[in-house]
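Next comes start28.txt, with compact mmCIF, C-alpha atoms.
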# COMPACT_ATOMS: atom_id res chain seq x y z
CA MET U 1 -12.93 -13.57 -1.08
CA ALA U 2 -12.40 -9.85 -1.59
CA ARG U 3 -13.54 -8.64 -4.97
CA THR U 4 -13.02 -5.62 -7.15
CA ARG U 5 -15.43 -4.38 -9.75
CA VAL U 6 -14.95 -2.61 -13.05
CA ARG U 7 -17.22 0.36 -13.45
CA THR U 8 -17.97 2.56 -16.45
CA PRO U 9 -19.42 6.07 -16.34
CA SER U 10 -23.17 6.31 -16.94
CA LEU U 11 -25.85 8.96 -16.96
CA LEU U 12 -27.13 7.63 -13.65
CA ALA U 13 -23.64 7.88 -12.14
CA LEU U 14 -23.31 11.47 -13.34
CA THR U 15 -26.70 12.33 -11.85
CA LEU U 16 -25.80 10.70 -8.53
CA THR U 17 -22.52 12.57 -8.38
CA ALA U 18 -24.20 15.92 -9.03
CA ALA U 19 -26.58 15.23 -6.18
CA LEU U 20 -23.74 14.24 -3.88
CA ILE U 21 -21.72 17.35 -4.56
CA SER U 22 -24.71 19.60 -3.92
CA GLY U 23 -25.54 17.85 -0.64
CA CYS U 24 -22.12 17.16 0.84
CA GLY U 25 -20.37 18.76 3.76
CA ASN U 26 -21.86 16.91 6.72
CA ASP U 27 -19.59 17.67 9.67
CA ASP U 28 -20.36 14.32 11.31
CA THR U 29 -18.00 12.48 8.93
CA SER U 30 -14.63 11.83 10.55
CA SER U 31 -11.39 11.39 8.57
CA ASP U 32 -10.04 8.90 11.09
CA GLY U 33 -13.22 6.92 11.67
CA ALA U 34 -13.32 7.96 15.32
CA ALA U 35 -17.06 8.69 15.31
CA ASN U 36 -17.96 5.04 14.82
CA ALA U 37 -14.87 3.31 16.18
CA GLY U 38 -15.77 0.04 17.86
CA GLN U 39 -19.26 0.06 16.31
CA PRO U 40 -19.15 -2.72 13.68
CA HIS U 41 -21.73 -2.59 10.91
CA GLU U 42 -24.31 -5.35 10.66
CA GLY U 43 -23.14 -8.11 8.33
CA LYS U 44 -20.12 -7.57 6.12
CA PRO U 45 -19.40 -3.90 5.45
CA ALA U 46 -19.16 -2.49 1.94
CA VAL U 47 -15.66 -1.02 1.63
CA VAL U 48 -14.50 1.30 -1.13
CA VAL U 49 -10.76 1.96 -1.34
CA THR U 50 -8.75 4.31 -3.48
CA THR U 51 -6.02 1.81 -4.48
CA THR U 52 -5.14 -1.87 -4.21
CA TRP U 53 -2.81 -1.06 -1.32
CA GLU U 54 -5.67 0.15 0.89
CA GLY U 55 -7.76 -2.68 -0.51
CA ALA U 56 -5.21 -5.33 0.46
CA ILE U 57 -5.02 -3.98 4.01
CA ALA U 58 -8.82 -4.02 4.21
CA LYS U 59 -8.85 -7.62 2.96
CA ALA U 60 -6.23 -8.62 5.53
CA ALA U 61 -8.44 -6.99 8.18
CA GLY U 62 -11.31 -9.28 7.21
CA ALA U 63 -13.34 -7.22 4.74
CA GLU U 64 -14.89 -9.17 1.86
CA ASP U 65 -16.91 -6.65 -0.15
CA ILE U 66 -14.16 -4.38 -1.48
CA GLU U 67 -14.24 -2.05 -4.48
CA VAL U 68 -11.06 -0.42 -5.77
CA ILE U 69 -11.23 2.96 -7.50
CA VAL U 70 -7.77 3.26 -9.08
CA PRO U 71 -7.03 0.40 -11.50
CA GLN U 72 -3.95 -1.63 -10.64
CA SER U 73 -2.70 -0.96 -14.17
CA VAL U 74 -2.16 2.73 -13.29
CA HIS U 75 1.59 2.82 -12.67
CA HIS U 76 1.53 5.91 -10.43
CA ALA U 77 -1.75 5.81 -8.52
CA PRO U 78 -1.71 9.47 -7.34
CA ASP U 79 -1.92 10.56 -11.01
CA TYR U 80 -5.38 9.02 -11.38
CA ASP U 81 -8.36 11.34 -11.80
CA PRO U 82 -11.52 9.74 -10.35
CA LYS U 83 -14.47 9.45 -12.76
CA PRO U 84 -18.03 10.45 -11.85
CA SER U 85 -18.92 6.76 -11.58
CA ASP U 86 -16.09 6.28 -9.06
CA LEU U 87 -17.42 9.05 -6.88
CA ALA U 88 -20.98 7.73 -7.08
CA THR U 89 -19.71 4.35 -5.86
CA VAL U 90 -18.04 6.03 -2.88
CA ALA U 91 -21.40 7.32 -1.70
CA LYS U 92 -22.82 3.80 -1.38
CA ALA U 93 -20.02 2.48 0.84
CA ASP U 94 -20.06 1.83 4.55
CA PHE U 95 -16.35 2.68 4.72
CA VAL U 96 -14.10 4.63 2.38
CA LEU U 97 -10.35 4.12 2.76
CA TYR U 98 -7.81 6.56 1.38
CA ALA U 99 -4.25 7.79 1.96
CA PRO U 100 -3.61 11.44 2.83
CA PHE U 101 -0.97 11.93 0.12
CA GLU U 102 -3.39 11.05 -2.68
CA PRO U 103 -4.32 14.32 -4.46
CA TYR U 104 -7.87 13.14 -5.13
CA ALA U 105 -8.56 12.56 -1.42
CA ALA U 106 -10.54 15.81 -1.26
CA LYS U 107 -12.85 14.62 -4.04
CA ILE U 108 -13.31 11.30 -2.27
CA LYS U 109 -14.20 13.03 0.99
CA GLU U 110 -16.68 15.30 -0.76
CA ALA U 111 -18.39 12.44 -2.60
CA ALA U 112 -18.73 10.31 0.53
CA GLY U 113 -21.46 12.56 1.90
CA SER U 114 -22.88 11.72 5.31
CA LYS U 115 -23.19 7.93 5.06
CA ALA U 116 -19.74 6.51 4.42
CA GLU U 117 -17.23 6.47 7.23
CA LEU U 118 -13.98 7.98 5.98
CA VAL U 119 -10.84 6.22 7.18
CA GLU U 120 -7.36 7.58 6.51
CA VAL U 121 -4.96 4.65 6.08
CA LYS U 122 -1.22 4.60 6.66
CA LEU U 123 0.37 2.75 3.77
CA ASP U 124 3.47 0.90 4.92
CA HIS U 125 4.80 -2.64 4.47
CA ASP U 126 6.81 -2.52 7.69
CA PRO U 127 5.50 -5.53 9.66
CA ASP U 128 4.63 -3.65 12.84
CA GLU U 129 3.00 -0.74 11.04
CA LEU U 130 1.11 -3.06 8.71
CA LYS U 131 -0.27 -5.27 11.46
CA ALA U 132 -1.27 -2.21 13.47
CA GLU U 133 -3.36 -0.93 10.55
CA VAL U 134 -4.92 -4.36 10.01
CA THR U 135 -5.87 -4.49 13.69
CA ARG U 136 -7.30 -0.98 13.64
CA LEU U 137 -9.43 -1.60 10.55
CA ALA U 138 -10.68 -4.93 11.89
CA GLY U 139 -11.93 -3.05 14.94
CA LEU U 140 -13.90 -0.70 12.70
CA PHE U 141 -15.24 -3.49 10.49
CA GLY U 142 -16.06 -5.89 13.33
CA THR U 143 -13.86 -8.56 11.70
CA GLU U 144 -11.26 -9.18 14.40
CA ASP U 145 -11.23 -12.97 13.96
CA GLY U 146 -10.31 -12.70 10.29
CA ALA U 147 -7.58 -10.19 11.05
CA THR U 148 -6.11 -12.43 13.74
CA ARG U 149 -5.89 -15.34 11.31
CA TRP U 150 -4.22 -13.15 8.70
CA LYS U 151 -1.65 -11.78 11.16
CA GLU U 152 -0.71 -15.31 12.21
CA GLU U 153 -0.25 -16.29 8.57
CA PHE U 154 1.75 -13.14 7.91
CA ASP U 155 4.09 -13.70 10.86
CA THR U 156 4.78 -17.26 9.75
CA GLU U 157 5.47 -16.28 6.15
CA TYR U 158 7.53 -13.21 7.04
CA THR U 159 9.76 -15.19 9.39
CA LYS U 160 10.33 -17.78 6.68
CA LEU U 161 11.19 -15.17 4.04
CA HIS U 162 13.50 -13.27 6.38
CA LYS U 163 15.38 -16.43 7.34
CA ASP U 164 15.71 -17.49 3.70
CA LEU U 165 17.09 -14.10 2.68
CA ARG U 166 19.63 -14.01 5.50
CA ALA U 167 20.91 -17.38 4.30
CA ALA U 168 21.46 -15.81 0.86
CA TRP U 169 23.65 -12.92 2.08
CA PRO U 170 26.71 -12.57 -0.19
CA GLY U 171 29.67 -13.98 1.71
CA GLY U 172 27.46 -14.45 4.74
CA ARG U 173 27.44 -10.71 5.47
CA SER U 174 24.50 -8.30 5.54
CA PRO U 175 24.55 -6.41 2.21
CA SER U 176 24.95 -2.64 2.16
CA VAL U 177 21.86 -1.00 0.68
CA VAL U 178 20.74 2.44 -0.46
CA SER U 179 16.95 2.64 -0.52
CA GLN U 180 14.23 4.96 -1.67
CA VAL U 181 12.34 6.12 1.43
CA PHE U 182 9.25 4.04 0.60
CA THR U 183 11.13 0.78 0.02
CA THR U 184 13.16 0.47 3.22
CA TRP U 185 10.73 -2.24 4.33
CA ALA U 186 12.27 -4.53 1.69
CA ALA U 187 15.73 -3.91 3.11
CA GLU U 188 14.39 -4.81 6.54
CA LEU U 189 12.89 -8.01 5.13
CA ALA U 190 16.31 -8.99 3.79
CA GLY U 191 18.15 -8.01 6.96
CA ALA U 192 20.19 -5.63 4.82
CA THR U 193 22.14 -2.67 6.21
CA VAL U 194 20.67 0.61 4.98
CA THR U 195 23.56 3.06 4.57
CA GLY U 196 21.51 5.81 2.95
CA THR U 197 18.07 6.79 1.70
CA TYR U 198 16.78 9.14 -0.96
CA GLY U 199 13.54 10.50 -2.38
CA PRO U 200 10.77 10.83 -2.94
CA GLU U 201 12.28 13.67 -4.98
CA PRO U 202 14.89 12.80 -7.66
CA VAL U 203 18.45 12.38 -6.44
CA THR U 204 20.45 15.62 -6.55
CA PRO U 205 24.11 15.73 -7.67
CA ALA U 206 25.19 16.20 -4.05
CA GLN U 207 23.12 13.20 -2.91
CA LEU U 208 24.48 11.15 -5.81
CA ALA U 209 28.03 11.76 -4.70
CA ASP U 210 27.23 11.07 -1.05
CA LEU U 211 25.27 7.87 -1.69
CA SER U 212 27.79 6.52 -4.20
CA ALA U 213 30.59 7.08 -1.69
CA LYS U 214 28.87 4.64 0.66
CA LYS U 215 29.58 1.89 -1.91
CA PRO U 216 26.26 0.06 -1.62
CA VAL U 217 25.86 -3.42 -3.07
CA LEU U 218 22.18 -2.85 -3.81
CA VAL U 219 19.90 0.07 -4.61
CA LEU U 220 16.22 -0.46 -3.81
CA GLU U 221 14.18 1.77 -6.09
CA ASN U 222 10.44 2.43 -5.83
CA ALA U 223 8.91 0.91 -8.99
CA HIS U 224 5.99 3.35 -8.79
CA MET U 225 8.20 6.46 -8.74
CA SER U 226 11.23 5.31 -10.70
CA THR U 227 13.41 7.90 -12.41
CA GLY U 228 15.81 5.45 -14.01
CA THR U 229 19.21 4.37 -12.74
CA VAL U 230 19.68 5.98 -9.34
CA LEU U 231 23.44 5.57 -8.85
CA PRO U 232 25.01 5.19 -12.29
CA ASP U 233 28.64 4.04 -12.38
CA SER U 234 28.49 3.03 -8.70
CA GLY U 235 28.56 -0.70 -9.43
CA ALA U 236 25.47 -1.25 -7.27
CA ARG U 237 22.74 -3.52 -8.58
CA GLN U 238 19.34 -1.84 -8.69
CA LEU U 239 16.05 -3.57 -7.87
CA GLU U 240 12.59 -2.19 -8.56
CA ILE U 241 10.46 -2.81 -5.47
CA VAL U 242 6.69 -2.97 -6.00
CA ASN U 243 4.50 -1.61 -3.21
CA TYR U 244 1.01 -1.91 -4.66
CA PRO U 245 -0.59 -5.38 -4.57
CA ALA U 246 -2.17 -6.93 -7.65
CA ASP U 247 -5.91 -7.14 -8.25
CA ASP U 248 -6.13 -10.15 -5.91
CA LEU U 249 -5.31 -7.75 -3.04
CA ASP U 250 -2.73 -10.16 -1.58
CA LEU U 251 -0.34 -8.35 0.75
CA LEU U 252 1.76 -11.46 1.31
CA ALA U 253 2.41 -11.69 -2.42
CA VAL U 254 4.08 -8.26 -2.30
CA HIS U 255 6.52 -9.55 0.32
CA ARG U 256 7.10 -12.85 -1.49
CA ASP U 257 7.82 -11.09 -4.78
CA ALA U 258 10.24 -8.65 -3.16
CA ALA U 259 11.99 -11.53 -1.38
CA ALA U 260 12.34 -13.45 -4.64
CA GLU U 261 13.95 -10.46 -6.37
CA LEU U 262 16.25 -9.77 -3.45
CA LYS U 263 17.38 -13.36 -3.22
CA LYS U 264 18.03 -13.62 -6.95
CA THR U 265 20.11 -10.45 -6.87
CA MET U 266 22.08 -11.38 -3.73
CA VAL U 267 22.87 -14.87 -5.01
CA GLY U 268 24.13 -13.35 -8.24
CA SER U 269 26.29 -10.73 -6.48
Just give me the structure of the file as structure tokens.
Amino acid sequence: MARTRVRTPSLLALTLTAALISGCGNDDTSSDGAANAGQPHEGKPAVVVTTTWEGAIAKAAGAEDIEVIVPQSVHHAPDYDPKPSDLATVAKADFVLYAPFEPYAAKIKEAAGSKAELVEVKLDHDPDELKAEVTRLAGLFGTEDGATRWKEEFDTEYTKLHKDLRAAWPGGRSPSVVSQVFTTWAAELAGATVTGTYGPEPVTPAQLADLSAKKPVLVLENAHMSTGTVLPDSGARQLEIVNYPADDLDLLAVHRDAAAELKKTMVGS
């Protein structure tokens, strides 16, 4: 079972970090893992990830020894400032997974030194994109069998959720949805019709008028970047969609939770 660990700063961690920063910059480290692609590490690799999202993808790919840097309790993960102890942990990993939009990615790269293999991960809950990342990481980790089992489980569960949500369409018709750009996967899960998207920047007055004119039934807001009611006075019901998995690093739970909220809202429409 994948595990996360709670770490606290220590004098040793500070010392390790100072040593890392002074000795970093090895050009052999690749941001896409290409240098060691297809060369699985002996045994189970030690994987350090920036957030639970990367961690859940690593778990789905078959990794078991996973440490998460940003606590799940941090509502907006990119706001987190890695501690010296976090950076020291990075240096001991076989693989370090991060997303390019995370502002602390440069610190993570620097702390990794020459040992850890840096892997940039595409964070997306779209089924095809998600399974592609799981397959790619499994190839790096040498855990293809575990990834295959997870993808089979995911396909079965996703098909079930999608069918259940279609049966809950109000009046038997696909609901009209306006979605934040990072939550369109939830609309796809529901078989909803996306009539407009917004973000990640706040909605402008012009966008507000345009999106409201589309008369959506639902607004899918990103819970991690919420700015309040997106389309006030439009009559649309707003759902907060959660992208980051919990500490158990269960990707399927993210889809189940979104499906439950969507179904509850559609049935009540």
Write out as a Markdown table a residue-level contact list of range 119-202 of chain U versus range 59-65 of chain U with cut-off 12 Å: for each qualifying residue the closest pair of atoms and the distance in Å to one decimal, counting all atoms listed in the file, rows sorted by chain and residue number upward.
| residue | atom | partner | partner_atom | distance |
| --- | --- | --- | --- | --- |
| U:Leu130 | CA | U:Ala60 | CA | 9.7 |
| U:Lys131 | CA | U:Ala61 | CA | 9.0 |
| U:Ala132 | CA | U:Ala61 | CA | 10.1 |
| U:Glu133 | CA | U:Ala61 | CA | 8.3 |
| U:Val134 | CA | U:Ala61 | CA | 4.8 |
| U:Thr135 | CA | U:Ala61 | CA | 6.6 |
| U:Arg136 | CA | U:Ala61 | CA | 8.2 |
| U:Leu137 | CA | U:Ala61 | CA | 6.0 |
| U:Ala138 | CA | U:Ala61 | CA | 4.8 |
| U:Gly139 | CA | U:Ala61 | CA | 8.6 |
| U:Leu140 | CA | U:Ala61 | CA | 9.5 |
| U:Phe141 | CA | U:Ala63 | CA | 7.1 |
| U:Gly142 | CA | U:Gly62 | CA | 8.5 |
| U:Thr143 | CA | U:Gly62 | CA | 5.2 |
| U:Glu144 | CA | U:Ala61 | CA | 7.2 |
| U:Asp145 | CA | U:Gly62 | CA | 7.7 |
| U:Gly146 | CA | U:Gly62 | CA | 4.7 |
| U:Ala147 | CA | U:Ala61 | CA | 4.4 |
| U:Thr148 | CA | U:Ala61 | CA | 8.1 |
| U:Arg149 | CA | U:Ala60 | CA | 8.9 |
| U:Trp150 | CA | U:Ala60 | CA | 5.9 |
| U:Lys151 | CA | U:Ala60 | CA | 7.9 |
| U:Glu152 | CA | U:Ala60 | CA | 10.9 |
| U:Glu153 | CA | U:Ala60 | CA | 10.2 |
| U:Phe154 | CA | U:Ala60 | CA | 9.5 |
- Query: Given the choices U:Pro84, U:Arg166, U:Thr50, U:Lys215, which gets closest to Pro71 in chain U if the distance is worked out from all atoms listed in the file?
  - Reply: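 When distances to Pro71 in chain U are compared using all atoms listed in the file, the smallest one comes from U:Thr50.
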- Distance criterion (only C-alpha atoms): nearest to Ala213 in chain U out of U:Glu240, U:Asp233, U:Glu201, U:Asp124: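 Answer, going by the shortest atom-to-atom distance: U:Asp233.
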- Message: For range 249-255 of chain U, find every residue with an atom within 8 Å (counting all atoms listed in the file), except residues of its own chain fewer than 4 positions away, and show them as a PyMOL selection string.
- Response: chain U and resi 2+52-53+55-57+59-60+154+157-158+186+242-245+259
Take the residues from that selection and write them out as a tab-separated table (two decimals), in the frame of the given file, keeping C-alpha atoms.
chain	number	residue	atom	x	y	z
U	2	ALA	CA	-12.40	-9.85	-1.59
U	52	THR	CA	-5.14	-1.87	-4.21
U	53	TRP	CA	-2.81	-1.06	-1.32
U	55	GLY	CA	-7.76	-2.68	-0.51
U	56	ALA	CA	-5.21	-5.33	0.46
U	57	ILE	CA	-5.02	-3.98	4.01
U	59	LYS	CA	-8.85	-7.62	2.96
U	60	ALA	CA	-6.23	-8.62	5.53
U	154	PHE	CA	1.75	-13.14	7.91
U	157	GLU	CA	5.47	-16.28	6.15
U	158	TYR	CA	7.53	-13.21	7.04
U	186	ALA	CA	12.27	-4.53	1.69
U	242	VAL	CA	6.69	-2.97	-6.00
U	243	ASN	CA	4.50	-1.61	-3.21
U	244	TYR	CA	1.01	-1.91	-4.66
U	245	PRO	CA	-0.59	-5.38	-4.57
U	259	ALA	CA	11.99	-11.53	-1.38
- Restricting the calculation to only C-alpha atoms, which member of U:Glu102, U:Glu67, U:Glu221, U:Asp128 is positioned closest to Asp81 in chain U?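 Distance minimum relative to Asp81 in chain U lands on U:Glu102.
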- Message: Considering only C-alpha atoms, can you say which of U:Leu189, U:Leu218, U:Ala46, U:Val181 comes closest to His162 in chain U?
- Response: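 Using only C-alpha atoms, His162 in chain U sits closest to U:Leu189.
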- Closest to Ala116 in chain U among U:Tyr80, U:Tyr104, U:Ala88, U:Gln180, using only C-alpha atoms?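 For Ala116 in chain U, the nearest of the candidates is U:Ala88.
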Could I get range 153-173 of chain U rebuilt with N, CA, C and O atoms, written as an mmCIF file, in the coordinates of the input?
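Output file part_24.cif follows:
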data_model
loop_
_atom_site.group_PDB
_atom_site.id
_atom_site.type_symbol
_atom_site.label_atom_id
_atom_site.label_comp_id
_atom_site.auth_asym_id
_atom_site.auth_seq_id
_atom_site.Cartn_x
_atom_site.Cartn_y
_atom_site.Cartn_z
ATOM 1 N N GLU U 153 -0.805 -15.831 9.855
ATOM 2 C CA GLU U 153 -0.250 -16.290 8.570
ATOM 3 C C GLU U 153 0.899 -15.392 8.133
ATOM 4 O O GLU U 153 1.933 -15.872 7.653
ATOM 5 N N PHE U 154 0.715 -14.087 8.305
ATOM 6 C CA PHE U 154 1.750 -13.140 7.910
ATOM 7 C C PHE U 154 3.030 -13.355 8.711
ATOM 8 O O PHE U 154 4.133 -13.385 8.146
ATOM 9 N N ASP U 155 2.908 -13.502 10.018
ATOM 10 C CA ASP U 155 4.090 -13.700 10.860
ATOM 11 C C ASP U 155 4.857 -14.951 10.450
ATOM 12 O O ASP U 155 6.103 -14.947 10.384
ATOM 13 N N THR U 156 4.133 -16.015 10.160
ATOM 14 C CA THR U 156 4.780 -17.260 9.750
ATOM 15 C C THR U 156 5.523 -17.088 8.433
ATOM 16 O O THR U 156 6.691 -17.494 8.295
ATOM 17 N N GLU U 157 4.860 -16.462 7.470
ATOM 18 C CA GLU U 157 5.470 -16.280 6.150
ATOM 19 C C GLU U 157 6.632 -15.293 6.204
ATOM 20 O O GLU U 157 7.679 -15.515 5.579
ATOM 21 N N TYR U 158 6.469 -14.218 6.941
ATOM 22 C CA TYR U 158 7.530 -13.210 7.040
ATOM 23 C C TYR U 158 8.785 -13.799 7.663
ATOM 24 O O TYR U 158 9.907 -13.563 7.192
ATOM 25 N N THR U 159 8.613 -14.563 8.727
ATOM 26 C CA THR U 159 9.760 -15.190 9.390
ATOM 27 C C THR U 159 10.491 -16.120 8.437
ATOM 28 O O THR U 159 11.731 -16.142 8.389
ATOM 29 N N LYS U 160 9.742 -16.861 7.657
ATOM 30 C CA LYS U 160 10.330 -17.780 6.680
ATOM 31 C C LYS U 160 11.117 -17.021 5.610
ATOM 32 O O LYS U 160 12.262 -17.387 5.277
ATOM 33 N N LEU U 161 10.523 -15.959 5.065
ATOM 34 C CA LEU U 161 11.190 -15.170 4.040
ATOM 35 C C LEU U 161 12.452 -14.505 4.571
ATOM 36 O O LEU U 161 13.500 -14.484 3.904
ATOM 37 N N HIS U 162 12.354 -13.950 5.770
ATOM 38 C CA HIS U 162 13.500 -13.270 6.380
ATOM 39 C C HIS U 162 14.663 -14.244 6.598
ATOM 40 O O HIS U 162 15.816 -13.931 6.280
ATOM 41 N N LYS U 163 14.353 -15.422 7.098
ATOM 42 C CA LYS U 163 15.380 -16.430 7.340
ATOM 43 C C LYS U 163 16.022 -16.878 6.036
ATOM 44 O O LYS U 163 17.255 -17.042 5.940
ATOM 45 N N ASP U 164 15.210 -17.055 5.009
ATOM 46 C CA ASP U 164 15.710 -17.490 3.700
ATOM 47 C C ASP U 164 16.628 -16.440 3.092
ATOM 48 O O ASP U 164 17.670 -16.771 2.499
ATOM 49 N N LEU U 165 16.275 -15.170 3.242
ATOM 50 C CA LEU U 165 17.090 -14.100 2.680
ATOM 51 C C LEU U 165 18.414 -13.939 3.431
ATOM 52 O O LEU U 165 19.459 -13.679 2.831
ATOM 53 N N ARG U 166 18.381 -14.087 4.734
ATOM 54 C CA ARG U 166 19.630 -14.010 5.500
ATOM 55 C C ARG U 166 20.599 -15.116 5.075
ATOM 56 O O ARG U 166 21.814 -14.902 5.027
ATOM 57 N N ALA U 167 20.053 -16.279 4.741
ATOM 58 C CA ALA U 167 20.910 -17.380 4.300
ATOM 59 C C ALA U 167 21.529 -17.094 2.934
ATOM 60 O O ALA U 167 22.522 -17.731 2.557
ATOM 61 N N ALA U 168 20.955 -16.134 2.199
ATOM 62 C CA ALA U 168 21.460 -15.810 0.860
ATOM 63 C C ALA U 168 22.407 -14.610 0.852
ATOM 64 O O ALA U 168 22.841 -14.175 -0.222
ATOM 65 N N TRP U 169 22.734 -14.065 2.031
ATOM 66 C CA TRP U 169 23.650 -12.920 2.080
ATOM 67 C C TRP U 169 24.961 -13.236 1.350
ATOM 68 O O TRP U 169 25.556 -14.305 1.577
ATOM 69 N N PRO U 170 25.431 -12.347 0.492
ATOM 70 C CA PRO U 170 26.710 -12.570 -0.190
ATOM 71 C C PRO U 170 27.855 -12.680 0.816
ATOM 72 O O PRO U 170 28.059 -11.781 1.640
ATOM 73 N N GLY U 171 28.569 -13.791 0.784
ATOM 74 C CA GLY U 171 29.670 -13.980 1.710
ATOM 75 C C GLY U 171 29.247 -14.102 3.153
ATOM 76 O O GLY U 171 30.076 -13.983 4.062
ATOM 77 N N GLY U 172 27.957 -14.316 3.383
ATOM 78 C CA GLY U 172 27.460 -14.450 4.740
ATOM 79 C C GLY U 172 27.368 -13.145 5.508
ATOM 80 O O GLY U 172 27.183 -13.153 6.726
ATOM 81 N N ARG U 173 27.477 -12.019 4.805
ATOM 82 C CA ARG U 173 27.440 -10.710 5.470
ATOM 83 C C ARG U 173 26.232 -9.903 4.984
ATOM 84 O O ARG U 173 25.865 -9.954 3.808
#
